[in-house]
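This report concerns only the one structure given below.
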Amino acid sequence: MEGVLTAKVALAEAAYAIDKPYDYAVPPALCGGAAPGVRVMVPFGRGNRRSEGIILALSRNPAARSLKSLTALLDEAPVLDEAGLRIALWMRDRYFCTLYDAVKAMLPAGLWFSLKDTVKVAGGVDREAAYGAAARSEGARRLLDVLYANGGEADWSAVSLAFGEDDPGPAVRLLAKKNILLSETHALRGVRDKMESVVSLALPAEEALGLLESGKRAAPLRRASVQLLAQAGSLSVKELCYFTGASPATVKGLEKAGVVALSAREVFRRPLRPESGQPGKPIVLSREQEAAFEGISALISRGEPAAALLRGVTGSGKTLVYIRLLERVLARGKTALVLVPEIALTPQLVSIFSSYFPGRIAVLHSSLRVGERYDEWKRIRAGLVDIVVGTRSAVFAPLKNLGLVVLDEEQEYSYKSENNPRYHARDIAKYRCARDNAVLLLGSATPAVETAYFAETGLYRSFLLSSRYNDRPLPRVILADMRRELKEGNGGVISSVLREELEENIRSGRQSILFLNRRGNSRMVACGECGWVPECPRCSVPLTYHSANGRLMCHYCGHSEKDTGRCPDCGGLVKYIGAGTQKVQEELEALFPGVEILRMDTDTVSPSRPHEVLLDRFVKEKIPVLVGTQMVAKGLDFENVTLVGVINADLSLYVDNFRARERTFSLLTQVVGRAGRGDREGRAVLQTFTPDNDVIRFAAAQDYEGFYDSEIALRRIRGFPPFSDLFTLTVSGRDETETLRGCRNLRGMLEKTLGANPGAPELLVLGPAPAPVLKVNNRYRYRLTLMGKNDRKTREWIGWLLRTFRNEKQNRNLSLFADSDSLE
DNA sequence: AGCACGCCGACT
DNA sequence: GTCGGCGTGCTC
């Protein structure tokens, strides 16, 4: 075929407004390796600045116009296949991000490139000529000073640092144009493929041994090595040395003598999960479990896309149903994906799965190192495993021939990404299932109201596991009215009911868990005398104290400063206001002298002392009471725990968010479910100032249906999801009044186009309102909320808004981004 | 977004 | 002349 090989490329440097495939010529030298899904370096824009990109398609075109050429290929093989590229395309359209943003989110961090720019003085240019060229440009002279101080070459980051507030860009370009400077870009990958050297005999065994005999010395290590290799064929150098006691130098010597040959082989950093010894026991399902299993398997056998909800109270054995379904899926030659909210909290789940599917599972979770994660990804891509268990981003695992996706605890918010692209793993899973004719199984004790609604209306099939394992009764739930406690003179955090129950447990050698509901995660700081609170200089939030480094930090922009322990205003001592766990611990220690109280919160948990260690102590040493935050509420089984208490059950209810009720119900239900998984009846004490609140009552009764009925009625009246979809449009800028004005202006644009155009989507517009955190990183944020339908028409219209907004001159200094189903 | 280009005033 | 400041328009 005639013509120029042309690549359509999605670029990292292209902002949302100009994001589209750009055409580049593929130079002959790169034709062999260029393929869709391969990342490349290209020149972009008038200044030909370097940009990373990914090839979307190749075609052979008659050379119509002159195209720029690809500079280099960054991958030897595609990092995304066609299905992967299609997901990225879909994400762009659905989450208002650029295609490359989507690509980046899909790839393991070990595959990301960091671009490093260096600037150096061109060869053959002397100092005098350089300063001559800089002439009267102050920036250029300053740049040369920096470069010469560095031996004529410097990283862009070093140059930026030296320039402080000023932009070194113009100076660099000025001198580059005069051929004084060269600027180069290198793409560095975070993680390399791990290789090991493999050694094998280069000669037939007898000949090799013969060669050794003829040597002058006895060389026992050489002989042993050759003998072992003659038996084993080839071994890694490491193994060979381990078995024979030889050193790498011995091997090198043998290679030099021509006896053995060395080669490199790719290895994975994490060996396949060590088989846990005993394989999983044969599973016997209860009648309900069997019915759910049969129903869902029938969906899988149909080979059509389908979604199902498996609602099962805590302890009803959803996991057993998952395992049987996985067996079924594998038997059909398909693969499966199991998503969990936070894998560190479900170690049991992973080890149970491994015992049933030894050697066939890859695990992707946050505490893996970047390299290990990357290797798991490679293992999946190579088709070496059939099941992937992982957290949110595992939804992109490059499994082929997907048959089933399980989303366990599907109501959890950790499935929604907090940064761009703000995808929800549930949506991606749904999309993949639709494309691969797979079944999406949503599992939960307390499904999201939307999910339950779709199940009710028949969009999802629905299965229920209503009885707990061994038909154990639900824990007895006691509501403690904290108003009355206060009236009766108990100003502490432990109610008299809870105290009595604790007493009984301590006396009988049973264990108890106390749980603190709360708003934030970490410890705040305030002056004990004047009430001063340290604030982030860039964001409108208080700084929080981190005991790990003794610094005050901002969660939004990462600003950190040293904690002096003193108030800068009045010089008073500052107080550390914890999540409250410490206070509870102290009060308990006063109530029960000599009884050990274990505390688990952000302060007592650290990378060196992960919560597993604490929990292990709790179980093994039978520590009577554990006090903790959210992290004690999730998916843990403790045989000996018969009492749980929630210190402030209603706290999360009074948050400005329509999901607050759902969130509180789910949390309390989970906590109550923690009690009494052993052979004794459990009790749960919910302390509240509003014992009559319906959410608290439904949670106390473990009545999901009741909660759902009341919540869906509320949502219907207010038009909240599932009766509408929400979008937020956030305008941000450095100047507060300008930002607010821009947001009003945006509302004006919206109303004009919505009213005038009969084809426009139907949307209700709310706002402008300040974002929950008004200022982040010195940018103010105001936003509009749109209620309507998340369909193609609406999304295209929002896309148009995003592209158009900045074209107006008055919005120059502002930026706008959109999010669907924002959780804030 | 990020950058060049073009036009202007200021400085040498 | 030549630099720097700002407004405008394009990116294969």
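Scheme for the structure tokens: letters A, B, ... for chains in order shown; per-chain residue numbers from 1; ligand numbers from 1 in order shown.
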task: Could the residues of chain B within 9 Å of chain A, counting only C-alpha atoms (C1' of nucleotides), be given as a list in words, please?
output: DA1, DG2, DC3 and DA4 of chain B
Written selection (all heavy atoms) as a PDB file, in the first residue's frame:
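Wrote it out as again.pdb, contents follow:
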```pdb
ATOM      1  P    DA B   1      -7.431  26.416  31.668  1.00  0.00           P
ATOM      2  OP1  DA B   1      -7.029  27.754  32.059  1.00  0.00           O
ATOM      3  OP2  DA B   1      -8.455  26.110  30.697  1.00  0.00           O
ATOM      4  O5'  DA B   1      -6.150  25.580  31.173  1.00  0.00           O
ATOM      5  C5'  DA B   1      -4.998  25.674  31.997  1.00  0.00           C
ATOM      6  C4'  DA B   1      -3.978  24.749  31.438  1.00  0.00           C
ATOM      7  O4'  DA B   1      -4.317  24.330  30.108  1.00  0.00           O
ATOM      8  C3'  DA B   1      -2.609  25.404  31.328  1.00  0.00           C
ATOM      9  O3'  DA B   1      -1.641  24.377  31.485  1.00  0.00           O
ATOM     10  C2'  DA B   1      -2.638  25.990  29.923  1.00  0.00           C
ATOM     11  C1'  DA B   1      -3.404  24.916  29.173  1.00  0.00           C
ATOM     12  N9   DA B   1      -4.231  25.444  28.077  1.00  0.00           N
ATOM     13  C8   DA B   1      -5.342  26.215  28.171  1.00  0.00           C
ATOM     14  N7   DA B   1      -5.877  26.507  27.009  1.00  0.00           N
ATOM     15  C5   DA B   1      -5.059  25.876  26.085  1.00  0.00           C
ATOM     16  C6   DA B   1      -5.079  25.795  24.686  1.00  0.00           C
ATOM     17  N6   DA B   1      -6.021  26.383  23.947  1.00  0.00           N
ATOM     18  N1   DA B   1      -4.109  25.088  24.081  1.00  0.00           N
ATOM     19  C2   DA B   1      -3.176  24.494  24.860  1.00  0.00           C
ATOM     20  N3   DA B   1      -3.053  24.494  26.174  1.00  0.00           N
ATOM     21  C4   DA B   1      -4.031  25.214  26.740  1.00  0.00           C
ATOM     22  P    DG B   2      -0.103  24.752  31.633  1.00  0.00           P
ATOM     23  OP1  DG B   2       0.508  23.450  31.919  1.00  0.00           O
ATOM     24  OP2  DG B   2       0.147  25.911  32.500  1.00  0.00           O
ATOM     25  O5'  DG B   2       0.304  25.184  30.174  1.00  0.00           O
ATOM     26  C5'  DG B   2       1.078  24.254  29.439  1.00  0.00           C
ATOM     27  C4'  DG B   2       1.596  24.914  28.213  1.00  0.00           C
ATOM     28  O4'  DG B   2       0.494  25.495  27.493  1.00  0.00           O
ATOM     29  C3'  DG B   2       2.562  26.066  28.507  1.00  0.00           C
ATOM     30  O3'  DG B   2       3.591  25.895  27.568  1.00  0.00           O
ATOM     31  C2'  DG B   2       1.715  27.307  28.228  1.00  0.00           C
ATOM     32  C1'  DG B   2       0.849  26.796  27.100  1.00  0.00           C
ATOM     33  N9   DG B   2      -0.411  27.479  26.827  1.00  0.00           N
ATOM     34  C8   DG B   2      -1.225  28.121  27.718  1.00  0.00           C
ATOM     35  N7   DG B   2      -2.297  28.636  27.157  1.00  0.00           N
ATOM     36  C5   DG B   2      -2.174  28.303  25.811  1.00  0.00           C
ATOM     37  C6   DG B   2      -3.025  28.580  24.713  1.00  0.00           C
ATOM     38  O6   DG B   2      -4.088  29.194  24.712  1.00  0.00           O
ATOM     39  N1   DG B   2      -2.521  28.058  23.528  1.00  0.00           N
ATOM     40  C2   DG B   2      -1.355  27.350  23.419  1.00  0.00           C
ATOM     41  N2   DG B   2      -1.019  26.929  22.195  1.00  0.00           N
ATOM     42  N3   DG B   2      -0.544  27.087  24.445  1.00  0.00           N
ATOM     43  C4   DG B   2      -1.015  27.591  25.600  1.00  0.00           C
ATOM     44  P    DC B   3       5.008  26.532  27.789  1.00  0.00           P
ATOM     45  OP1  DC B   3       5.931  25.422  28.042  1.00  0.00           O
ATOM     46  OP2  DC B   3       4.904  27.671  28.714  1.00  0.00           O
ATOM     47  O5'  DC B   3       5.327  27.099  26.347  1.00  0.00           O
ATOM     48  C5'  DC B   3       4.945  26.314  25.207  1.00  0.00           C
ATOM     49  C4'  DC B   3       4.514  27.250  24.136  1.00  0.00           C
ATOM     50  O4'  DC B   3       3.192  27.745  24.411  1.00  0.00           O
ATOM     51  C3'  DC B   3       5.411  28.483  24.011  1.00  0.00           C
ATOM     52  O3'  DC B   3       6.021  28.449  22.751  1.00  0.00           O
ATOM     53  C2'  DC B   3       4.449  29.654  24.182  1.00  0.00           C
ATOM     54  C1'  DC B   3       3.106  29.025  23.823  1.00  0.00           C
ATOM     55  N1   DC B   3       1.936  29.729  24.364  1.00  0.00           N
ATOM     56  C2   DC B   3       0.867  30.002  23.507  1.00  0.00           C
ATOM     57  O2   DC B   3       0.931  29.648  22.335  1.00  0.00           O
ATOM     58  N3   DC B   3      -0.218  30.655  23.995  1.00  0.00           N
ATOM     59  C4   DC B   3      -0.242  31.020  25.276  1.00  0.00           C
ATOM     60  N4   DC B   3      -1.328  31.649  25.710  1.00  0.00           N
ATOM     61  C5   DC B   3       0.839  30.742  26.166  1.00  0.00           C
ATOM     62  C6   DC B   3       1.898  30.098  25.678  1.00  0.00           C
ATOM     63  P    DA B   4       7.312  29.246  22.492  1.00  0.00           P
ATOM     64  OP1  DA B   4       8.348  28.337  22.023  1.00  0.00           O
ATOM     65  OP2  DA B   4       7.567  30.152  23.622  1.00  0.00           O
ATOM     66  O5'  DA B   4       6.794  30.110  21.254  1.00  0.00           O
ATOM     67  C5'  DA B   4       6.624  29.439  20.018  1.00  0.00           C
ATOM     68  C4'  DA B   4       5.754  30.257  19.112  1.00  0.00           C
ATOM     69  O4'  DA B   4       4.545  30.618  19.798  1.00  0.00           O
ATOM     70  C3'  DA B   4       6.401  31.568  18.656  1.00  0.00           C
ATOM     71  O3'  DA B   4       6.040  31.776  17.321  1.00  0.00           O
ATOM     72  C2'  DA B   4       5.767  32.594  19.578  1.00  0.00           C
ATOM     73  C1'  DA B   4       4.360  32.018  19.729  1.00  0.00           C
ATOM     74  N9   DA B   4       3.685  32.439  20.955  1.00  0.00           N
ATOM     75  C8   DA B   4       4.176  32.410  22.232  1.00  0.00           C
ATOM     76  N7   DA B   4       3.331  32.846  23.136  1.00  0.00           N
ATOM     77  C5   DA B   4       2.199  33.171  22.403  1.00  0.00           C
ATOM     78  C6   DA B   4       0.947  33.678  22.776  1.00  0.00           C
ATOM     79  N6   DA B   4       0.622  33.950  24.047  1.00  0.00           N
ATOM     80  N1   DA B   4       0.039  33.901  21.793  1.00  0.00           N
ATOM     81  C2   DA B   4       0.376  33.618  20.534  1.00  0.00           C
ATOM     82  N3   DA B   4       1.529  33.126  20.060  1.00  0.00           N
ATOM     83  C4   DA B   4       2.401  32.924  21.056  1.00  0.00           C
TER      84       DA B   4
END
```
Check every residue of chain A for an atom within 6 Å of chain C, counting only C-alpha atoms (C1' of nucleotides), and provide those that qualify as a JSON list (two decimals) with C-alpha atoms, in the first residue's frame.
```json
[["chain", "number", "residue", "atom", "x", "y", "z"],
["A", 22, "TYR", "CA", -3.89, 14.29, 16.59],
["A", 23, "ASP", "CA", -2.29, 12.86, 13.45],
["A", 24, "TYR", "CA", 1.43, 12.18, 13.36],
["A", 45, "GLY", "CA", 2.18, 23.03, 19.72]]
```
Within 10 Å of Glu206 in chain A using only C-alpha atoms (C1' of nucleotides), minus same-chain residues under 3 positions, as a PyMOL selection string: chain A and resi 203+209-212+226-227+230
field: strand (DSSP E) per DSSP on the backbone: members of range 138-341 of chain A, as a ChimeraX atom specification
entry: /A:153-155,181-189,195-201,234-236,260-266,306-312,335-339
message: DSSP on the backbone: which residues in range 5-87 of chain A end up as helix (DSSP H, G or I)? Give the answer as a PyMOL selection string.
response: chain A and resi 16-18+28-30+82-87
Would you save the residues of that selection, restricted to N, CA and C atoms, as an mmCIF file, in the first residue's frame?
```
data_model
loop_
_atom_site.group_PDB
_atom_site.id
_atom_site.type_symbol
_atom_site.label_atom_id
_atom_site.label_comp_id
_atom_site.auth_asym_id
_atom_site.auth_seq_id
_atom_site.Cartn_x
_atom_site.Cartn_y
_atom_site.Cartn_z
ATOM 1 N N TYR A 16 -8.514 19.515 28.292
ATOM 2 C CA TYR A 16 -9.824 18.971 27.934
ATOM 3 C C TYR A 16 -10.416 19.666 26.708
ATOM 4 N N ALA A 17 -10.299 20.991 26.664
ATOM 5 C CA ALA A 17 -10.942 21.751 25.587
ATOM 6 C C ALA A 17 -10.376 21.412 24.210
ATOM 7 N N ILE A 18 -9.162 20.960 24.130
ATOM 8 C CA ILE A 18 -8.565 20.681 22.820
ATOM 9 C C ILE A 18 -8.206 19.208 22.687
ATOM 10 N N PRO A 28 9.964 5.899 9.305
ATOM 11 C CA PRO A 28 10.244 4.499 8.929
ATOM 12 C C PRO A 28 10.905 3.701 10.037
ATOM 13 N N ALA A 29 11.801 4.354 10.783
ATOM 14 C CA ALA A 29 12.520 3.615 11.821
ATOM 15 C C ALA A 29 11.595 3.115 12.919
ATOM 16 N N LEU A 30 10.454 3.758 13.087
ATOM 17 C CA LEU A 30 9.550 3.375 14.174
ATOM 18 C C LEU A 30 8.374 2.533 13.697
ATOM 19 N N GLU A 82 -7.375 -3.247 22.492
ATOM 20 C CA GLU A 82 -8.480 -2.490 21.916
ATOM 21 C C GLU A 82 -9.591 -2.262 22.938
ATOM 22 N N ALA A 83 -9.872 -3.302 23.724
ATOM 23 C CA ALA A 83 -10.929 -3.161 24.727
ATOM 24 C C ALA A 83 -10.550 -2.088 25.742
ATOM 25 N N GLY A 84 -9.269 -2.050 26.106
ATOM 26 C CA GLY A 84 -8.788 -1.054 27.061
ATOM 27 C C GLY A 84 -8.938 0.352 26.506
ATOM 28 N N LEU A 85 -8.555 0.534 25.247
ATOM 29 C CA LEU A 85 -8.684 1.854 24.632
ATOM 30 C C LEU A 85 -10.152 2.278 24.577
ATOM 31 N N ARG A 86 -11.015 1.293 24.365
ATOM 32 C CA ARG A 86 -12.445 1.619 24.307
ATOM 33 C C ARG A 86 -12.946 2.086 25.676
ATOM 34 N N ILE A 87 -12.435 1.455 26.738
ATOM 35 C CA ILE A 87 -12.823 1.895 28.082
ATOM 36 C C ILE A 87 -12.359 3.345 28.308
#
```
Taking 5 positions as the minimum chain separation for residues in the same chain, which residues sit within 8 Å of Phe689 in chain A when counting only C-alpha atoms (C1' of nucleotides)? Answer as a PDB file with C-alpha atoms, in the first residue's frame.
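Below is the file that was written, result-v1.pdb:
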```
ATOM      1  CA  ASP A 481     -30.392   8.158  75.365  1.00  0.00           C
ATOM      2  CA  MET A 482     -27.534  10.568  75.982  1.00  0.00           C
ATOM      3  CA  ARG A 483     -29.889  13.466  76.729  1.00  0.00           C
ATOM      4  CA  ASP A 650     -25.916  10.082  65.285  1.00  0.00           C
TER       5      ASP A 650
END
```
Test item: residues at most 7 Å from range 701-714 of chain A, only C-alpha atoms (C1' of nucleotides), excluding those fewer than 3 positions along its chain, as a list of chain:residue names: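 So, after excluding close chain neighbours, the residues are A:Thr446, A:Val449, A:Thr669, A:Val695, A:Arg697, A:Phe698, A:Ile717, A:Arg718.
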If we count only C-alpha atoms (C1' of nucleotides), what is near range 117-130 of chain A at a cut-off of 12 Å, once residues fewer than 5 positions away on the same chain are taken out, given as a compact mmCIF listing (two decimals) with N, CA and C atoms, in the first residue's frame?
```txt
# COMPACT_ATOMS: atom_id res chain seq x y z
N ARG A 49 6.79 21.62 22.09
CA ARG A 49 7.15 21.05 23.38
C ARG A 49 6.82 19.56 23.38
N ARG A 50 7.57 18.82 24.19
CA ARG A 50 7.43 17.37 24.15
C ARG A 50 6.19 16.95 24.91
N SER A 51 5.50 15.99 24.38
CA SER A 51 4.36 15.45 25.09
C SER A 51 4.34 13.93 24.96
N ALA A 135 22.84 38.99 26.26
CA ALA A 135 22.75 40.44 26.11
C ALA A 135 22.16 41.08 27.35
N ARG A 136 21.13 41.87 27.17
CA ARG A 136 20.61 42.59 28.31
C ARG A 136 19.45 41.86 28.99
N SER A 137 19.15 40.66 28.53
CA SER A 137 18.05 39.92 29.17
C SER A 137 18.50 39.41 30.54
N ALA A 140 17.99 35.63 31.08
CA ALA A 140 18.94 34.78 30.37
C ALA A 140 20.29 34.74 31.10
N ARG A 141 20.70 35.91 31.61
CA ARG A 141 21.97 35.93 32.34
C ARG A 141 21.88 35.10 33.62
N ARG A 142 20.74 35.24 34.26
CA ARG A 142 20.53 34.49 35.49
C ARG A 142 20.55 32.99 35.22
N LEU A 143 19.92 32.60 34.11
CA LEU A 143 19.90 31.20 33.73
C LEU A 143 21.32 30.67 33.50
N LEU A 144 22.11 31.48 32.80
CA LEU A 144 23.49 31.05 32.54
C LEU A 144 24.27 30.92 33.85
N ASP A 145 24.03 31.85 34.77
CA ASP A 145 24.68 31.75 36.09
C ASP A 145 24.38 30.40 36.71
N VAL A 146 23.09 30.06 36.69
CA VAL A 146 22.67 28.79 37.31
C VAL A 146 23.34 27.62 36.61
N LEU A 147 23.34 27.65 35.28
CA LEU A 147 23.91 26.52 34.52
C LEU A 147 25.40 26.38 34.78
N TYR A 148 26.12 27.50 34.70
CA TYR A 148 27.57 27.40 34.89
C TYR A 148 27.92 26.99 36.32
N ALA A 149 27.11 27.41 37.26
CA ALA A 149 27.35 27.00 38.65
C ALA A 149 27.17 25.48 38.78
N ASN A 150 26.44 24.89 37.83
CA ASN A 150 26.13 23.47 37.86
C ASN A 150 26.96 22.67 36.86
N GLY A 151 28.00 23.26 36.33
CA GLY A 151 28.80 22.56 35.34
C GLY A 151 28.19 22.57 33.95
N GLY A 152 27.39 23.58 33.67
CA GLY A 152 26.87 23.75 32.31
C GLY A 152 25.60 22.99 32.01
N GLU A 153 25.06 22.28 33.01
CA GLU A 153 23.88 21.47 32.76
C GLU A 153 23.03 21.41 34.03
N ALA A 154 21.71 21.48 33.88
CA ALA A 154 20.86 21.40 35.07
C ALA A 154 19.49 20.83 34.73
N ASP A 155 18.89 20.22 35.74
CA ASP A 155 17.50 19.75 35.60
C ASP A 155 16.58 20.95 35.56
N TRP A 156 15.48 20.78 34.90
CA TRP A 156 14.48 21.84 34.86
C TRP A 156 14.04 22.19 36.29
N SER A 157 13.89 21.16 37.13
CA SER A 157 13.41 21.42 38.49
C SER A 157 14.41 22.27 39.26
N ALA A 158 15.71 22.04 39.03
CA ALA A 158 16.74 22.84 39.71
C ALA A 158 16.68 24.29 39.22
N VAL A 159 16.49 24.45 37.92
CA VAL A 159 16.41 25.80 37.35
C VAL A 159 15.20 26.53 37.93
N SER A 160 14.06 25.85 37.97
CA SER A 160 12.83 26.46 38.51
C SER A 160 13.05 26.90 39.94
N PRO A 168 11.34 30.52 34.34
CA PRO A 168 12.56 30.47 33.53
C PRO A 168 12.29 30.22 32.04
N GLY A 169 11.04 29.90 31.70
CA GLY A 169 10.67 29.53 30.33
C GLY A 169 11.18 30.50 29.27
N ALA A 171 13.50 32.73 29.27
CA ALA A 171 14.96 32.79 29.17
C ALA A 171 15.49 31.56 28.44
N VAL A 172 14.94 30.39 28.78
CA VAL A 172 15.39 29.15 28.13
C VAL A 172 15.13 29.23 26.63
N ARG A 173 13.93 29.71 26.28
CA ARG A 173 13.58 29.75 24.85
C ARG A 173 14.46 30.75 24.09
N LEU A 174 14.71 31.87 24.77
CA LEU A 174 15.55 32.90 24.13
C LEU A 174 16.91 32.33 23.76
N LEU A 175 17.55 31.67 24.72
CA LEU A 175 18.90 31.14 24.48
C LEU A 175 18.86 29.91 23.58
N ALA A 176 17.79 29.15 23.63
CA ALA A 176 17.69 27.98 22.77
C ALA A 176 17.59 28.44 21.31
N LYS A 177 16.87 29.54 21.11
CA LYS A 177 16.70 30.03 19.74
C LYS A 177 18.03 30.50 19.15
N LYS A 178 18.89 30.98 20.04
CA LYS A 178 20.20 31.44 19.56
C LYS A 178 21.23 30.31 19.56
N ASN A 179 20.75 29.08 19.72
CA ASN A 179 21.63 27.89 19.70
C ASN A 179 22.69 27.90 20.79
N ILE A 180 22.37 28.56 21.90
CA ILE A 180 23.31 28.56 23.02
C ILE A 180 22.98 27.38 23.94
N LEU A 181 21.69 27.11 24.05
CA LEU A 181 21.25 26.05 24.96
C LEU A 181 20.59 24.91 24.21
N LEU A 182 20.68 23.75 24.78
CA LEU A 182 19.90 22.60 24.31
C LEU A 182 18.97 22.20 25.44
N SER A 183 17.69 22.00 25.12
CA SER A 183 16.85 21.43 26.17
C SER A 183 16.37 20.06 25.72
N GLU A 184 16.43 19.14 26.62
CA GLU A 184 16.11 17.75 26.29
C GLU A 184 15.07 17.21 27.26
N THR A 185 14.28 16.28 26.77
CA THR A 185 13.28 15.64 27.62
C THR A 185 13.55 14.15 27.65
N HIS A 186 13.61 13.59 28.84
CA HIS A 186 13.74 12.15 28.97
C HIS A 186 12.52 11.60 29.65
N ALA A 187 12.04 10.49 29.16
CA ALA A 187 10.91 9.83 29.82
C ALA A 187 11.47 8.73 30.71
N LEU A 188 11.24 8.86 32.00
CA LEU A 188 11.76 7.85 32.93
C LEU A 188 10.61 7.05 33.48
```
Pro341 in chain A surroundings by only C-alpha atoms (C1' of nucleotides), 9 Å radius, close-in-sequence under 2 positions cut, as a PDB file with C-alpha atoms, in the first residue's frame:
```pdb
ATOM      1  CA  LEU A 339     -13.578  -5.959  43.986  1.00  0.00           C
ATOM      2  CA  ILE A 343      -8.287  -5.043  50.927  1.00  0.00           C
ATOM      3  CA  LEU A 345      -9.459  -4.934  55.987  1.00  0.00           C
ATOM      4  CA  THR A 346     -10.406  -8.160  54.288  1.00  0.00           C
ATOM      5  CA  GLY A 390      -8.434  -5.968  44.368  1.00  0.00           C
ATOM      6  CA  THR A 391      -9.568  -2.504  45.311  1.00  0.00           C
ATOM      7  CA  ARG A 392     -11.003   0.280  43.149  1.00  0.00           C
ATOM      8  CA  LEU A 407     -18.431  -5.822  43.796  1.00  0.00           C
ATOM      9  CA  ASP A 408     -18.449  -6.669  47.486  1.00  0.00           C
ATOM     10  CA  GLU A 409     -19.928  -4.072  49.870  1.00  0.00           C
ATOM     11  CA  GLU A 410     -21.022  -2.196  46.809  1.00  0.00           C
ATOM     12  CA  GLU A 412     -18.875   1.769  49.956  1.00  0.00           C
ATOM     13  CA  TYR A 413     -17.627   5.183  48.890  1.00  0.00           C
ATOM     14  CA  SER A 414     -14.087   4.072  48.395  1.00  0.00           C
ATOM     15  CA  TYR A 415     -15.224   2.811  44.986  1.00  0.00           C
TER      16      TYR A 415
END
```
